[in-house]
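First the structure, in the form of structure tokens, and then the observations on it.
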There are 4 protein chains.
Amino acid sequence: MNTFGQLFRVTSFGESHGGVVGCVVDGCPPNLKISIEDIQKDLDRRRPGQSKITSPRKEEDKIEILSGVFEGKTTGTPILLLAWNKDAMPEDYKKMKNIFRPGHADLTYAVKYGIRDWQGGGRASARETLARVAAGAIAKKFLKEKLRIEFLAYIEQVGEIKTKDKKITKEMIELIEKVGREGDSVGGVIRGMIKNVPIGLGEPVFDKLSADLGKAMLSIPAVKGFEIGSGFEGVKMRGSQHNDEFFIDKQGRIRTRTNNAGGILGGISNGETIHFRVAFKPVSTIKKKQKTIDINKKEVELEATGRHDPCVLPRAVPIVEAMAALVIMDHYLRHKAQNL
Amino acid sequence: MNTFGQLFRVTSFGESHGGVVGCVVDGCPPNLKISIEDIQKDLDRRRPGQSKITSPRKEEDKIEILSGVFEGKTTGTPILLLAWNKDAMPEDYKKMKNIFRPGHADLTYAVKYGIRDWQGGGRASARETLARVAAGAIAKKFLKEKLRIEFLAYIEQVGEIKTKDKKITKEMIELIEKVGREGDSVGGVIRGMIKNVPIGLGEPVFDKLSADLGKAMLSIPAVKGFEIGSGFEGVKMRGSQHNDEFFIDKQGRIRTRTNNAGGILGGISNGETIHFRVAFKPVSTIKKKQKTIDINKKEVELEATGRHDPCVLPRAVPIVEAMAALVIMDHYLRHKAQNL
Amino acid sequence: MNTFGQLFRVTSFGESHGGVVGCVVDGCPPNLKISIEDIQKDLDRRRPGQSKITSPRKEEDKIEILSGVFEGKTTGTPILLLAWNKDAMPEDYKKMKNIFRPGHADLTYAVKYGIRDWQGGGRASARETLARVAAGAIAKKFLKEKLRIEFLAYIEQVGEIKTKDKKITKEMIELIEKVGREGDSVGGVIRGMIKNVPIGLGEPVFDKLSADLGKAMLSIPAVKGFEIGSGFEGVKMRGSQHNDEFFIDKQGRIRTRTNNAGGILGGISNGETIHFRVAFKPVSTIKKKQKTIDINKKEVELEATGRHDPCVLPRAVPIVEAMAALVIMDHYLRHKAQNL
Amino acid sequence: MNTFGQLFRVTSFGESHGGVVGCVVDGCPPNLKISIEDIQKDLDRRRPGQSKITSPRKEEDKIEILSGVFEGKTTGTPILLLAWNKDAMPEDYKKMKNIFRPGHADLTYAVKYGIRDWQGGGRASARETLARVAAGAIAKKFLKEKLRIEFLAYIEQVGEIKTKDKKITKEMIELIEKVGREGDSVGGVIRGMIKNVPIGLGEPVFDKLSADLGKAMLSIPAVKGFEIGSGFEGVKMRGSQHNDEFFIDKQGRIRTRTNNAGGILGGISNGETIHFRVAFKPVSTIKKKQKTIDINKKEVELEATGRHDPCVLPRAVPIVEAMAALVIMDHYLRHKAQNL
């Protein structure tokens, strides 16, 4: 349904142009200091219109904490996080009200539920990710303070252009701007890293840490692929190359010399940095004309109006971090429950 | 924990060399005809020792149905599926009892649980997948009979060798045999396809059909990557290329001209064939000498004895199909519950 | 945690004197017409200050629907129901800030969470039940329209005074008023009835319909007992008396001549009216002086100020109905999923 | 479905006359010493035929541990507990194959699932409780060793005869024997006590410890009522009487002078002994003739053959203890997860 996690549970709600978007965070340990600012700074990274290369939509995305925090600290009860939708432009969408937009969830939602919320994608809107980033900010703060765990995501590839130094390059920006001028969109790859994860998080069999990270990433709009460690490239290696050799480091800790595993062995963290890659398709909303059909099964031409964001990757970086934090937080609490 | 699914729930149990492996299937609709043969035929595909290119282990893998079926039909109550472990060779493992094998879950389990079941990998053994295939066979039968849904997986790549016609090639077999002679192992890619899925399965936001398929595949031992539809290649496309254009086919059905989406839009099936790819690393058990450490943190050399399977892909094909069937079955029941 | 139900899931949030109380309802089928009025009428029955015999607190309890409903109909996505807290009187509670009130959850929350939200009971406040009534109103509307199922609860006993005709009697009101004048409180029993439940709701073993109704009722603040059908009195009967004899009625339906079972056999509804009883202790907030301890473990005398409601039963009637509706709704969806 | 608990999860399977009954226990912490004897001693208390006053059925109820335990200790992986059904007497049941027995789940199962397993009640058989007692024995051992928590249940009432000293009286035995000679059955009340529970177990709102204990007890076959603490009698008290006054005892601990709360305040344990009462109806299987209907809706007379147990209370005592242990164990793990 609309809940993520077993023990650190995020229940998301809201449509892009209804009253609000937000979530209830249940299971947050008590006595964590948390403020609006802790959350807002990640939301600001997610917000469209932050830079030349992201969407011009000017939502303010001001988050409110309406329960579960007392005198600046969590109380162990559910935390309601909520942002009001201010920038509704139903006129833009009214024109497309009867059209199934290619690449979007319009058709599948309409058939599944037998009802269509045509305003800006309704529940399928990327605006829903605001709730993920807000909830993730709480998890990140807890994990940083309690366990020194850190989350870092960056754009590794835009279209065919790759970077190696964790910074978005001039070529990437130029490509995004060019695609934008053409009324088109472009995809890319985000790399995620999680540092200082203790050995032992994750569960055997179904709830492997890698499986839950994969699900988390694949639940982000526009994601089409996920790799942990060596990923698809690793299939070309031999076992003798791929196996990460164990050794004892100078501090006496068990380490591996390479990290093809991506920090996870048998579904459980091994203490090395967890690293993974996430593939984003080019977003479906484009300004170019497209052929499609309407709700009466007539073939029509669609020329989208309204906002257009040629590349979601800059906005997606904090979403990747947030989802990773929700997974680690949940598995940390599960580990604490089961092991003495 | 050890349960997969919300409404079609598979609870797995068993170690590689303990008494049994198996699972409880809860939530199977009543009045489905099911026999040992329906399950055994998929188990036989998974069994090591089936061909020259798979492991020599000669388990019989005879499944027993011990509850939930009465006079050949499911009753709606939990189905216990169980296979006895016959081929235990603890001597082979006793030698490695104190060694953390590279690429395996030995270390992570030992640290997580503070106890080590050293016999053949314990719970982390690939033998656990027998339960998945058995449960998946029930889901496959139901979905075939009720909805004509079909599951097809095949080896698309071994090491660097790719096929295009769904058949394992002579080159692939030669590569596996060569690697086996060298005491090494090799990975590959399995492609999965699901045909005749109705529009509407999957849920918005977290439990997208693609996210749950991804989790299912990433929970299979040795899997390091998952792609739906265009996957990592799709990031290079423009939105105008990637968006699958809708049209009305001769039967009056809504279809798409291309299928970059992989049969899923906004997390919900769109009626096209679902297709995805799964990356398997080369298995960790090799015969070549490897440097590693033991439980006393001393550096040692490991030379594995016992069984050795240079490529798990042939055995993994029915596992991929089974996990896909569990996901589709679960979402079919969820869809039935929520929509009138 | 703070979620009730498997398929019709209510996630509750909010403290008595924080910003809001409310809930997210996930899993509501789409295309149900729902309005503020549908919900508000049950909330008004729950509201304190409705009559002479209930608490003087004048909250307005205006519910808002902030997501999941589009053009007056549910869309199948999460419904956010929310009411703002307007009548906060922290001064009344500040005096009791360091005192553990007898009969209340002050001590247990403080020890459990290591933090105390001293304003009006925080999460343990009866104000939380507003969310239950709001969610229950949606379930009631669905079940009435779709299946003609009806929920009826009434006060059967106040202190030692019982009624037989489903109406609160003059003697009951006099007792409550007398107890109120004494600064004390009194408990009682509410009887619940559910009509027109089809045969087949509920599950064998753990999730019996009677077990889930029991849990639902025992989760209401101040509830100390639950009986289904013959209850504690039934233990004195012989099996030959207690067994409800089956017969075929004039419409050809299978019925039972008596209903000691309370409409549930083996945990599954049998088509007869479900009836049960719920015991409420006298509420803990009284105006009489009481001995207790403070957070420094010093013995002190407590004389509560602020609101005082000598008997919660009138307010509890719609809560009993709402919780029953949540249970029936959830089991109806579960039944629909599992049975073809 | 057939799973009880969130973190200490028991998934039950098996019919009375199929191959086996048993369960999978998932979430048990590792390194707990557990042996067949630890479990068997509680099973022997549950077994029919143990004394003159229980059923003559001579099952051996030998439990097997088939996974999750290695060299005498739990490993943190799922524990499969299983007992084979040896004493099947299908002939006795074949006679009743087409008859809906009054008071039994025959009708409700048949309508719910559209299929009937007529052998000895199928899944609705009391034999299913064997799995609960086996799983509960593991929880009891853990809680005793780790936290000194103890579970004690005893028969407080048979028919109208009550005891005050925790021992079954001569009058009770005579009543049961007399009822047995008449081919009839009789109900009663079991009191349960849980000692040394630390402050803080249980959760606010829905998952109150009292609500989960209530659900656990109401899920036992034949249970019709549950009371915590003062229960139905407490409704007659005034708040000033019912509120348990806090004081500091000689060891400096916070205690209450009375225990009307039954050891639980606001759904959370307060450190006092938890006490509750469970009402059992007279069992439905009697030897006396009864009027009923068959599957063709014809009115018939039923004269049951086979086993007959005039009073299940002696057997039910270990079941009550086991279910209480499962609830406490689950909430202990949940508490450990959420609180630092």
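Note on naming: chains are A, B, ... as they come in the structure tokens, residues start from 1 per chain, ligands start from 1 in the order shown.
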
Per residue of chain A within 9 Å of chain D, note the shortest atom pair and the distance in Å to one decimal, counting only C-alpha atoms, and order the rows by chain and increasing residue number, as JSON lines.
{"residue": "A:Gln6", "atom": "CA", "partner": "D:Gln6", "partner_atom": "CA", "distance": 9.0}
{"residue": "A:Leu7", "atom": "CA", "partner": "D:Ala337", "partner_atom": "CA", "distance": 7.7}
{"residue": "A:Phe8", "atom": "CA", "partner": "D:Gln338", "partner_atom": "CA", "distance": 8.8}
{"residue": "A:Gly27", "atom": "CA", "partner": "D:Gln338", "partner_atom": "CA", "distance": 6.3}
{"residue": "A:Cys28", "atom": "CA", "partner": "D:Gln338", "partner_atom": "CA", "distance": 7.0}
{"residue": "A:Pro29", "atom": "CA", "partner": "D:Gln338", "partner_atom": "CA", "distance": 5.2}
{"residue": "A:Pro30", "atom": "CA", "partner": "D:Asn339", "partner_atom": "CA", "distance": 6.9}
{"residue": "A:Gly76", "atom": "CA", "partner": "D:Gln338", "partner_atom": "CA", "distance": 7.8}
{"residue": "A:Thr77", "atom": "CA", "partner": "D:Pro204", "partner_atom": "CA", "distance": 8.3}
{"residue": "A:Pro204", "atom": "CA", "partner": "D:Thr77", "partner_atom": "CA", "distance": 8.3}
{"residue": "A:Tyr332", "atom": "CA", "partner": "D:Ala337", "partner_atom": "CA", "distance": 8.5}
{"residue": "A:Leu333", "atom": "CA", "partner": "D:Ala337", "partner_atom": "CA", "distance": 5.0}
{"residue": "A:Arg334", "atom": "CA", "partner": "D:Ala337", "partner_atom": "CA", "distance": 6.3}
{"residue": "A:His335", "atom": "CA", "partner": "D:Ala337", "partner_atom": "CA", "distance": 7.7}
{"residue": "A:Lys336", "atom": "CA", "partner": "D:Ala337", "partner_atom": "CA", "distance": 5.2}
{"residue": "A:Ala337", "atom": "CA", "partner": "D:Ala337", "partner_atom": "CA", "distance": 4.3}
{"residue": "A:Gln338", "atom": "CA", "partner": "D:Pro29", "partner_atom": "CA", "distance": 5.2}
{"residue": "A:Asn339", "atom": "CA", "partner": "D:Pro29", "partner_atom": "CA", "distance": 5.7}
{"residue": "A:Leu340", "atom": "CA", "partner": "D:Pro29", "partner_atom": "CA", "distance": 7.1}

Output file for the residues above (all heavy atoms, as a tab-separated table (two decimals), in the first residue's frame):
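Output saved as again.tsv:
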chain	number	residue	atom	x	y	z
A	6	GLN	N	9.17	-1.59	7.94
A	6	GLN	CA	8.53	-2.45	8.94
A	6	GLN	C	8.51	-1.80	10.31
A	6	GLN	O	7.51	-1.83	11.00
A	6	GLN	CB	9.29	-3.78	9.05
A	6	GLN	CG	9.38	-4.55	7.75
A	6	GLN	CD	8.06	-5.13	7.33
A	6	GLN	OE1	7.32	-5.66	8.16
A	6	GLN	NE2	7.73	-5.02	6.06
A	7	LEU	N	9.63	-1.25	10.73
A	7	LEU	CA	9.72	-0.68	12.08
A	7	LEU	C	9.90	0.83	12.05
A	7	LEU	O	9.53	1.51	13.00
A	7	LEU	CB	10.87	-1.34	12.85
A	7	LEU	CG	10.64	-2.80	13.21
A	7	LEU	CD1	11.79	-3.32	14.04
A	7	LEU	CD2	9.33	-2.97	13.98
A	8	PHE	N	10.48	1.35	11.02
A	8	PHE	CA	10.51	2.80	10.78
A	8	PHE	C	9.60	2.99	9.58
A	8	PHE	O	10.01	2.83	8.44
A	8	PHE	CB	11.93	3.27	10.49
A	8	PHE	CG	12.09	4.77	10.49
A	8	PHE	CD1	12.27	5.46	11.68
A	8	PHE	CD2	12.06	5.50	9.31
A	8	PHE	CE1	12.43	6.84	11.69
A	8	PHE	CE2	12.22	6.88	9.31
A	8	PHE	CZ	12.40	7.55	10.51
A	27	GLY	N	7.42	4.98	14.44
A	27	GLY	CA	8.52	4.12	14.87
A	27	GLY	C	9.83	4.86	15.07
A	27	GLY	O	10.86	4.25	15.36
A	28	CYS	N	9.80	6.18	14.96
A	28	CYS	CA	11.03	6.94	15.23
A	28	CYS	C	11.34	6.87	16.71
A	28	CYS	O	10.48	7.16	17.54
A	28	CYS	CB	10.87	8.40	14.78
A	28	CYS	SG	12.40	9.33	14.95
A	29	PRO	N	12.56	6.51	17.08
A	29	PRO	CA	12.91	6.46	18.50
A	29	PRO	C	12.71	7.82	19.17
A	29	PRO	O	12.84	8.85	18.52
A	29	PRO	CB	14.40	6.06	18.48
A	29	PRO	CG	14.58	5.35	17.19
A	29	PRO	CD	13.67	6.06	16.23
A	30	PRO	N	12.38	7.82	20.43
A	30	PRO	CA	12.17	9.08	21.15
A	30	PRO	C	13.48	9.80	21.44
A	30	PRO	O	14.55	9.23	21.33
A	30	PRO	CB	11.50	8.63	22.45
A	30	PRO	CG	11.93	7.22	22.64
A	30	PRO	CD	12.15	6.64	21.28
A	76	GLY	N	8.47	9.49	20.34
A	76	GLY	CA	8.20	8.06	20.11
A	76	GLY	C	6.84	7.83	19.48
A	76	GLY	O	6.50	6.71	19.14
A	77	THR	N	6.05	8.88	19.34
A	77	THR	CA	4.71	8.76	18.73
A	77	THR	C	4.78	9.23	17.27
A	77	THR	O	5.78	9.80	16.85
A	77	THR	CB	3.69	9.57	19.54
A	77	THR	OG1	4.08	10.95	19.52
A	77	THR	CG2	3.64	9.10	20.98
A	204	PRO	N	18.70	-12.41	6.01
A	204	PRO	CA	18.86	-13.47	5.02
A	204	PRO	C	17.61	-13.59	4.15
A	204	PRO	O	16.55	-13.09	4.49
A	204	PRO	CB	19.00	-14.72	5.87
A	204	PRO	CG	19.33	-14.27	7.24
A	204	PRO	CD	18.75	-12.91	7.38
A	332	TYR	N	18.26	-1.11	10.79
A	332	TYR	CA	18.94	-0.91	12.07
A	332	TYR	C	17.99	-1.25	13.23
A	332	TYR	O	18.37	-1.98	14.16
A	332	TYR	CB	19.45	0.53	12.19
A	332	TYR	CG	19.96	0.84	13.57
A	332	TYR	CD1	21.11	0.23	14.07
A	332	TYR	CD2	19.29	1.73	14.41
A	332	TYR	CE1	21.57	0.49	15.34
A	332	TYR	CE2	19.74	2.00	15.68
A	332	TYR	CZ	20.88	1.37	16.15
A	332	TYR	OH	21.32	1.62	17.41
A	333	LEU	N	16.75	-0.78	13.15
A	333	LEU	CA	15.79	-1.08	14.22
A	333	LEU	C	15.47	-2.58	14.25
A	333	LEU	O	15.35	-3.16	15.33
A	333	LEU	CB	14.51	-0.27	14.02
A	333	LEU	CG	14.66	1.26	14.12
A	333	LEU	CD1	13.30	1.94	14.00
A	333	LEU	CD2	15.32	1.69	15.43
A	334	ARG	N	15.36	-3.20	13.10
A	334	ARG	CA	15.09	-4.64	13.06
A	334	ARG	C	16.25	-5.42	13.67
A	334	ARG	O	16.02	-6.41	14.40
A	334	ARG	CB	14.85	-5.09	11.62
A	334	ARG	CG	13.53	-4.58	11.09
A	334	ARG	CD	13.44	-4.65	9.58
A	334	ARG	NE	13.20	-6.01	9.13
A	334	ARG	CZ	12.82	-6.32	7.90
A	334	ARG	NH1	12.63	-5.37	7.00
A	334	ARG	NH2	12.63	-7.55	7.56
A	335	HIS	N	17.44	-4.99	13.38
A	335	HIS	CA	18.62	-5.67	13.93
A	335	HIS	C	18.64	-5.54	15.45
A	335	HIS	O	18.93	-6.50	16.17
A	335	HIS	CB	19.87	-5.04	13.33
A	335	HIS	CG	21.13	-5.72	13.75
A	335	HIS	ND1	21.45	-6.99	13.35
A	335	HIS	CD2	22.14	-5.31	14.55
A	335	HIS	CE1	22.62	-7.33	13.87
A	335	HIS	NE2	23.05	-6.33	14.60
A	336	LYS	N	18.32	-4.34	15.91
A	336	LYS	CA	18.29	-4.09	17.36
A	336	LYS	C	17.26	-4.99	18.05
A	336	LYS	O	17.47	-5.46	19.17
A	336	LYS	CB	17.93	-2.62	17.61
A	336	LYS	CG	18.87	-1.88	18.51
A	336	LYS	CD	18.75	-0.39	18.33
A	336	LYS	CE	17.41	0.16	18.73
A	336	LYS	NZ	17.24	0.18	20.22
A	337	ALA	N	16.13	-5.20	17.39
A	337	ALA	CA	15.08	-6.03	18.00
A	337	ALA	C	15.51	-7.48	18.13
A	337	ALA	O	15.28	-8.12	19.15
A	337	ALA	CB	13.81	-5.95	17.15
A	338	GLN	N	16.17	-7.98	17.08
A	338	GLN	CA	16.38	-9.42	17.04
A	338	GLN	C	17.65	-9.89	17.72
A	338	GLN	O	17.78	-11.06	18.05
A	338	GLN	CB	16.43	-9.88	15.58
A	338	GLN	CG	15.06	-9.87	14.94
A	338	GLN	CD	15.16	-10.41	13.54
A	338	GLN	OE1	15.87	-9.86	12.70
A	338	GLN	NE2	14.48	-11.49	13.29
A	339	ASN	N	18.58	-8.98	17.89
A	339	ASN	CA	19.88	-9.42	18.39
A	339	ASN	C	20.19	-8.77	19.71
A	339	ASN	O	20.02	-7.58	19.89
A	339	ASN	CB	20.94	-9.10	17.34
A	339	ASN	CG	20.70	-9.92	16.10
A	339	ASN	OD1	21.00	-11.09	16.06
A	339	ASN	ND2	20.07	-9.30	15.11
A	340	LEU	N	20.67	-9.58	20.61
A	340	LEU	CA	20.80	-9.13	22.00
A	340	LEU	C	22.12	-8.42	22.25
A	340	LEU	O	23.13	-8.80	21.73
A	340	LEU	CB	20.65	-10.35	22.88
A	340	LEU	CG	19.33	-11.06	22.55
A	340	LEU	CD1	19.19	-12.31	23.35
A	340	LEU	CD2	18.18	-10.12	22.79

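Residues with any atom within 9 Å of Val317 in chain B, counting only C-alpha atoms and excluding same-chain neighbours fewer than 5 positions away, are Arg45, Arg46, Leu152, Ala153, Tyr154, Ile155, Ile190, Arg191, Gly192, Val312 and Ala322 of chain B.
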
Hey, can you check how far CA of Gly225 in chain D sits from CA of Ser219 in chain C?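 Calculated distance between CA of Gly225 in chain D and CA of Ser219 in chain C is 15.2 Å.
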
Run DSSP on the backbone and tell me which residues of range 123-273 of chain A come out as helix (DSSP H, G or I); list them as a compact mmCIF listing (two decimals) with N, CA and C atoms, in the first residue's frame.
# COMPACT_ATOMS: atom_id res chain seq x y z
N ARG A 123 -1.82 11.24 -7.81
CA ARG A 123 -0.94 10.54 -6.88
C ARG A 123 0.37 10.14 -7.55
N ALA A 124 0.37 10.02 -8.87
CA ALA A 124 1.56 9.58 -9.59
C ALA A 124 2.56 10.71 -9.78
N ALA A 126 5.46 13.46 -9.30
CA ALA A 126 6.74 13.46 -8.59
C ALA A 126 6.69 14.27 -7.31
N ARG A 127 5.64 15.08 -7.16
CA ARG A 127 5.52 15.86 -5.93
C ARG A 127 5.43 14.97 -4.70
N GLU A 128 4.96 13.74 -4.91
CA GLU A 128 4.87 12.78 -3.80
C GLU A 128 6.23 12.54 -3.15
N THR A 129 7.31 12.70 -3.92
CA THR A 129 8.64 12.41 -3.37
C THR A 129 9.05 13.39 -2.27
N LEU A 130 8.35 14.51 -2.18
CA LEU A 130 8.62 15.45 -1.08
C LEU A 130 8.52 14.74 0.27
N ALA A 131 7.48 13.89 0.41
CA ALA A 131 7.27 13.17 1.67
C ALA A 131 8.44 12.24 1.97
N ARG A 132 8.98 11.63 0.92
CA ARG A 132 10.12 10.71 1.12
C ARG A 132 11.34 11.46 1.64
N VAL A 133 11.59 12.61 1.03
CA VAL A 133 12.77 13.38 1.44
C VAL A 133 12.61 13.87 2.88
N ALA A 134 11.40 14.28 3.23
CA ALA A 134 11.17 14.77 4.60
C ALA A 134 11.37 13.65 5.62
N ALA A 135 10.80 12.48 5.34
CA ALA A 135 10.97 11.35 6.26
C ALA A 135 12.43 10.91 6.30
N GLY A 136 13.07 10.89 5.14
CA GLY A 136 14.47 10.49 5.06
C GLY A 136 15.37 11.40 5.86
N ALA A 137 15.02 12.68 5.93
CA ALA A 137 15.85 13.63 6.68
C ALA A 137 15.90 13.26 8.16
N ILE A 138 14.78 12.77 8.67
CA ILE A 138 14.75 12.34 10.08
C ILE A 138 15.64 11.12 10.27
N ALA A 139 15.51 10.15 9.36
CA ALA A 139 16.34 8.95 9.45
C ALA A 139 17.83 9.30 9.33
N LYS A 140 18.14 10.19 8.41
CA LYS A 140 19.54 10.59 8.23
C LYS A 140 20.10 11.22 9.50
N LYS A 141 19.29 12.08 10.12
CA LYS A 141 19.78 12.76 11.34
C LYS A 141 20.05 11.74 12.44
N PHE A 142 19.11 10.82 12.62
CA PHE A 142 19.28 9.79 13.65
C PHE A 142 20.54 8.97 13.40
N LEU A 143 20.71 8.51 12.16
CA LEU A 143 21.81 7.60 11.84
C LEU A 143 23.16 8.31 11.93
N LYS A 144 23.18 9.57 11.57
CA LYS A 144 24.42 10.35 11.69
C LYS A 144 24.81 10.52 13.15
N GLU A 145 23.85 10.92 13.96
CA GLU A 145 24.16 11.21 15.36
C GLU A 145 24.47 9.96 16.16
N LYS A 146 23.72 8.92 15.87
CA LYS A 146 23.82 7.71 16.68
C LYS A 146 24.94 6.79 16.20
N LEU A 147 25.13 6.70 14.88
CA LEU A 147 26.04 5.69 14.33
C LEU A 147 27.06 6.26 13.33
N LYS A 170 30.37 20.57 -16.88
CA LYS A 170 29.89 21.56 -17.83
C LYS A 170 29.20 20.89 -19.01
N GLU A 171 29.75 19.77 -19.48
CA GLU A 171 29.16 19.06 -20.61
C GLU A 171 27.76 18.55 -20.26
N MET A 172 27.60 18.06 -19.06
CA MET A 172 26.28 17.59 -18.63
C MET A 172 25.28 18.73 -18.65
N ILE A 173 25.65 19.87 -18.09
CA ILE A 173 24.74 21.02 -18.04
C ILE A 173 24.38 21.48 -19.45
N GLU A 174 25.37 21.50 -20.31
CA GLU A 174 25.10 21.91 -21.69
C GLU A 174 24.14 20.95 -22.38
N LEU A 175 24.31 19.65 -22.12
CA LEU A 175 23.41 18.67 -22.72
C LEU A 175 21.97 18.87 -22.22
N ILE A 176 21.84 19.06 -20.92
CA ILE A 176 20.50 19.26 -20.35
C ILE A 176 19.86 20.52 -20.95
N GLU A 177 20.64 21.60 -21.07
CA GLU A 177 20.08 22.84 -21.61
C GLU A 177 19.68 22.68 -23.08
N LYS A 178 20.50 21.97 -23.82
CA LYS A 178 20.20 21.74 -25.23
C LYS A 178 18.91 20.92 -25.38
N VAL A 179 18.83 19.84 -24.61
CA VAL A 179 17.63 19.00 -24.64
C VAL A 179 16.41 19.82 -24.24
N GLY A 180 16.57 20.67 -23.26
CA GLY A 180 15.47 21.52 -22.80
C GLY A 180 14.99 22.45 -23.91
N ARG A 181 15.94 23.04 -24.62
CA ARG A 181 15.56 23.94 -25.71
C ARG A 181 14.80 23.20 -26.80
N VAL A 205 17.74 -14.24 3.07
CA VAL A 205 16.64 -14.68 2.21
C VAL A 205 15.92 -13.49 1.57
N PHE A 206 14.70 -13.14 1.99
CA PHE A 206 13.93 -12.17 1.21
C PHE A 206 14.30 -10.72 1.49
N ASP A 207 14.53 -10.40 2.75
CA ASP A 207 14.76 -9.00 3.11
C ASP A 207 16.25 -8.66 3.15
N LEU A 209 19.53 -6.68 2.51
CA LEU A 209 19.71 -5.23 2.48
C LEU A 209 19.75 -4.75 1.02
N SER A 210 20.40 -5.52 0.16
CA SER A 210 20.47 -5.15 -1.25
C SER A 210 19.10 -5.20 -1.91
N ALA A 211 18.26 -6.15 -1.51
CA ALA A 211 16.92 -6.27 -2.10
C ALA A 211 16.05 -5.09 -1.64
N ASP A 212 16.17 -4.73 -0.39
CA ASP A 212 15.36 -3.61 0.10
C ASP A 212 15.85 -2.27 -0.45
N LEU A 213 17.17 -2.12 -0.62
CA LEU A 213 17.67 -0.92 -1.29
C LEU A 213 17.16 -0.87 -2.73
N GLY A 214 17.19 -2.02 -3.38
CA GLY A 214 16.71 -2.07 -4.76
C GLY A 214 15.25 -1.68 -4.86
N LYS A 215 14.44 -2.24 -4.00
CA LYS A 215 13.02 -1.88 -4.01
C LYS A 215 12.84 -0.39 -3.75
N ALA A 216 13.57 0.13 -2.78
CA ALA A 216 13.46 1.56 -2.45
C ALA A 216 13.76 2.42 -3.66
N MET A 217 14.81 2.09 -4.37
CA MET A 217 15.21 2.91 -5.52
C MET A 217 14.22 2.74 -6.66
N LEU A 218 13.81 1.49 -6.91
CA LEU A 218 12.89 1.22 -8.02
C LEU A 218 11.49 1.79 -7.75
N GLU A 233 28.14 -5.14 -14.84
CA GLU A 233 29.51 -5.33 -15.32
C GLU A 233 30.15 -6.55 -14.69
N GLY A 234 29.78 -6.82 -13.44
CA GLY A 234 30.39 -7.92 -12.69
C GLY A 234 30.15 -9.29 -13.28
N VAL A 235 29.13 -9.41 -14.13
CA VAL A 235 28.82 -10.73 -14.68
C VAL A 235 29.94 -11.23 -15.59
N LYS A 236 30.77 -10.31 -16.03
CA LYS A 236 31.86 -10.70 -16.93
C LYS A 236 33.09 -11.20 -16.18
N GLY A 239 34.88 -15.74 -10.71
CA GLY A 239 34.73 -15.77 -9.26
C GLY A 239 36.01 -15.39 -8.54
N SER A 240 37.14 -15.86 -9.06
CA SER A 240 38.42 -15.58 -8.40
C SER A 240 38.76 -14.08 -8.44
N GLN A 241 38.19 -13.35 -9.42
CA GLN A 241 38.40 -11.90 -9.47
C GLN A 241 37.37 -11.18 -8.61
N HIS A 242 36.15 -11.69 -8.66
CA HIS A 242 35.02 -10.98 -8.04
C HIS A 242 35.03 -11.11 -6.52

One number please: CA of Ile248 in chain B to CA of Ile199 in chain B, in Å, one decimal. 14.7 Å

Name the residues of range 218-322 of chain D that come out as strand (DSSP E or B) in a backbone DSSP run; write them as a PyMOL selection string. chain D and resi 223-228+238+246-248+254-256+264-265+268-269+274-280+290-294+299-302

For Phe280 in chain D: contacts at 7 Å, only C-alpha atoms, fewer than 6 positions along chain excluded, given as a ChimeraX atom specification: /C:235 /D:187-189,222-224

Would you mind exporting C-alpha atoms of the selected residues as a PDB file, in the first residue's frame?
ATOM      1  CA  VAL C 235     -19.551 -20.735  30.738  1.00  0.00           C
TER       2      VAL C 235
ATOM      3  CA  GLY D 187     -17.411 -24.429  30.058  1.00  0.00           C
ATOM      4  CA  GLY D 188     -15.451 -22.379  32.532  1.00  0.00           C
ATOM      5  CA  VAL D 189     -12.985 -19.602  33.203  1.00  0.00           C
ATOM      6  CA  ALA D 222     -14.128 -21.857  22.309  1.00  0.00           C
ATOM      7  CA  VAL D 223     -13.148 -18.546  23.953  1.00  0.00           C
ATOM      8  CA  LYS D 224     -16.060 -16.098  24.288  1.00  0.00           C
TER       9      LYS D 224
END
